[in-house]
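Structure first, then comments.
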Amino acid sequence: MHRTSQFLRHYNRTLVANRAAKPCDVFINHRGIDTKRTVATLLYDHFYRLNLHPFLDSKNMKPGDKLFDNINGAIRKCKVGVAVFSPRYCESYFCLHELALMMESRKKVIPIFCDVKPSQLRVVDNGKCAMEDIRRFNWALEEAKYTVGLTFDSLKGNWSDVVTSASDNIIKTLIEMEDEKQMQRHKSTPILDV
């Protein structure tokens, strides 16, 4: 807990001032029709209150923005991704494209299986996607299915619990990344013999 509050204080001091200019910390990949008004927005608001810089399409984009340019740029610059899988997730080209790009960019992705089991996730080939996209989407889904994630049943669970659990995992990941960055800096700093 001490490490978490120390990390968040660091973010408050050094990064909040340039919130608009800095890349996002957390990219929230979700199926809007299933989760935008529930877990996706709750996650965004929670991260924002912690002074992290989350990306959620409905919160970060404005009319006139180029969809793919903004989303692809946010994914490439983000530190970690959250993929909120839901019953209609695989029906969306955009969801699958975002997931594939996160996986291809080798981002750490924390899956949340919301009202769906990993085994139920399948790419539907409705003839509208190129075979290369279908291949990318299947590969990304398989990667996600075999990544330890969180499960949530909206009929039995508490939204606050899943948001807190996801947030704790994201913050832990960001701390580990910051520690790794610090170690790399120390390794590259020459030691002077005096």
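Labels for the structure tokens follow display order: chains A, B, ..., residues from 1 in each chain, ligands from 1.
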
If you run DSSP on the backbone here, which positions in chain A get alpha helix (DSSP H)? Please write them as a ChimeraX atom specification. /A:2-14,32-35,41-49,57-60,67-77,93-104,131-145,159-188

Spatial neighbours of A:Ile75, max dist 8 Å, only C-alpha atoms, sep filter under 5 positions, as a compact mmCIF listing (two decimals) with all heavy atoms, in the first residue's frame:
```txt
# COMPACT_ATOMS: atom_id res chain seq x y z
N PHE A 27 -5.02 2.05 -21.68
CA PHE A 27 -5.98 2.04 -22.79
C PHE A 27 -7.10 1.07 -22.42
O PHE A 27 -6.84 -0.10 -22.12
CB PHE A 27 -5.31 1.60 -24.09
CG PHE A 27 -6.24 1.69 -25.27
CD1 PHE A 27 -6.29 2.85 -26.03
CD2 PHE A 27 -7.09 0.64 -25.59
CE1 PHE A 27 -7.18 2.95 -27.10
CE2 PHE A 27 -7.97 0.73 -26.67
CZ PHE A 27 -8.01 1.89 -27.42
N GLY A 81 -2.77 -2.09 -21.22
CA GLY A 81 -4.13 -2.15 -21.72
C GLY A 81 -5.04 -2.96 -20.83
O GLY A 81 -4.59 -3.89 -20.15
N GLU A 98 -8.34 -3.24 -31.99
CA GLU A 98 -7.63 -2.67 -30.84
C GLU A 98 -6.88 -3.76 -30.07
O GLU A 98 -5.72 -3.58 -29.69
CB GLU A 98 -8.60 -1.96 -29.91
CG GLU A 98 -9.20 -0.71 -30.49
CD GLU A 98 -10.37 -0.16 -29.68
OE1 GLU A 98 -10.64 -0.67 -28.57
OE2 GLU A 98 -11.02 0.80 -30.16
N LEU A 101 -3.87 -4.90 -32.07
CA LEU A 101 -2.80 -3.91 -32.05
C LEU A 101 -2.08 -3.89 -30.69
O LEU A 101 -0.85 -3.78 -30.63
CB LEU A 101 -3.35 -2.53 -32.39
CG LEU A 101 -2.32 -1.42 -32.58
CD1 LEU A 101 -1.28 -1.79 -33.65
CD2 LEU A 101 -3.01 -0.12 -32.97
N MET A 102 -2.84 -4.03 -29.60
CA MET A 102 -2.19 -4.10 -28.28
C MET A 102 -1.27 -5.31 -28.19
O MET A 102 -0.14 -5.20 -27.69
CB MET A 102 -3.24 -4.15 -27.16
CG MET A 102 -3.89 -2.82 -26.88
SD MET A 102 -4.88 -2.78 -25.36
CE MET A 102 -6.26 -3.84 -25.79
```

Spatial neighbours of stretch 104-110 of chain A, 10 Å, only C-alpha atoms, chain gap at least 2 places, as a PyMOL selection string: chain A and resi 26-29+75-84+98-102+112-113+136+139-140+143-144+147-150+166+169-170+173

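Inside stretch 91-151 of chain A, the residues DSSP reads as strand (DSSP E) when given the backbone are Lys108, Val109, Ile110, Pro111, Ile112, Phe113, Cys114, Leu150 and Thr151 of chain A.
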
Expected file: the selected residues, N, CA, C and O atoms, as a PDB file, in the first residue's frame:
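So part_11.pdb came out as:
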```
ATOM      1  N   LYS A 108       1.323  -5.047 -22.129  1.00  0.00           N
ATOM      2  CA  LYS A 108       0.735  -5.924 -21.137  1.00  0.00           C
ATOM      3  C   LYS A 108      -0.755  -5.638 -21.148  1.00  0.00           C
ATOM      4  O   LYS A 108      -1.182  -4.482 -21.070  1.00  0.00           O
ATOM      5  N   VAL A 109      -1.553  -6.676 -21.289  1.00  0.00           N
ATOM      6  CA  VAL A 109      -3.002  -6.539 -21.350  1.00  0.00           C
ATOM      7  C   VAL A 109      -3.612  -7.325 -20.203  1.00  0.00           C
ATOM      8  O   VAL A 109      -3.300  -8.503 -20.018  1.00  0.00           O
ATOM      9  N   ILE A 110      -4.462  -6.650 -19.439  1.00  0.00           N
ATOM     10  CA  ILE A 110      -5.177  -7.304 -18.351  1.00  0.00           C
ATOM     11  C   ILE A 110      -6.613  -7.527 -18.817  1.00  0.00           C
ATOM     12  O   ILE A 110      -7.361  -6.563 -19.025  1.00  0.00           O
ATOM     13  N   PRO A 111      -6.984  -8.797 -19.014  1.00  0.00           N
ATOM     14  CA  PRO A 111      -8.348  -9.091 -19.468  1.00  0.00           C
ATOM     15  C   PRO A 111      -9.347  -9.055 -18.311  1.00  0.00           C
ATOM     16  O   PRO A 111      -9.033  -9.466 -17.201  1.00  0.00           O
ATOM     17  N   ILE A 112     -10.526  -8.535 -18.600  1.00  0.00           N
ATOM     18  CA  ILE A 112     -11.660  -8.643 -17.692  1.00  0.00           C
ATOM     19  C   ILE A 112     -12.748  -9.356 -18.484  1.00  0.00           C
ATOM     20  O   ILE A 112     -13.211  -8.850 -19.509  1.00  0.00           O
ATOM     21  N   PHE A 113     -13.122 -10.532 -18.019  1.00  0.00           N
ATOM     22  CA  PHE A 113     -14.147 -11.326 -18.699  1.00  0.00           C
ATOM     23  C   PHE A 113     -15.479 -11.022 -18.010  1.00  0.00           C
ATOM     24  O   PHE A 113     -15.779 -11.562 -16.950  1.00  0.00           O
ATOM     25  N   CYS A 114     -16.252 -10.135 -18.612  1.00  0.00           N
ATOM     26  CA  CYS A 114     -17.491  -9.612 -18.035  1.00  0.00           C
ATOM     27  C   CYS A 114     -18.695 -10.303 -18.675  1.00  0.00           C
ATOM     28  O   CYS A 114     -18.982 -10.061 -19.849  1.00  0.00           O
ATOM     29  N   LEU A 150      -9.385 -11.148 -14.913  1.00  0.00           N
ATOM     30  CA  LEU A 150     -10.428 -11.057 -13.905  1.00  0.00           C
ATOM     31  C   LEU A 150     -11.734 -11.516 -14.535  1.00  0.00           C
ATOM     32  O   LEU A 150     -11.963 -11.292 -15.718  1.00  0.00           O
ATOM     33  N   THR A 151     -12.569 -12.162 -13.746  1.00  0.00           N
ATOM     34  CA  THR A 151     -13.886 -12.556 -14.240  1.00  0.00           C
ATOM     35  C   THR A 151     -14.937 -11.800 -13.436  1.00  0.00           C
ATOM     36  O   THR A 151     -14.744 -11.503 -12.254  1.00  0.00           O
TER      37      THR A 151
END
```
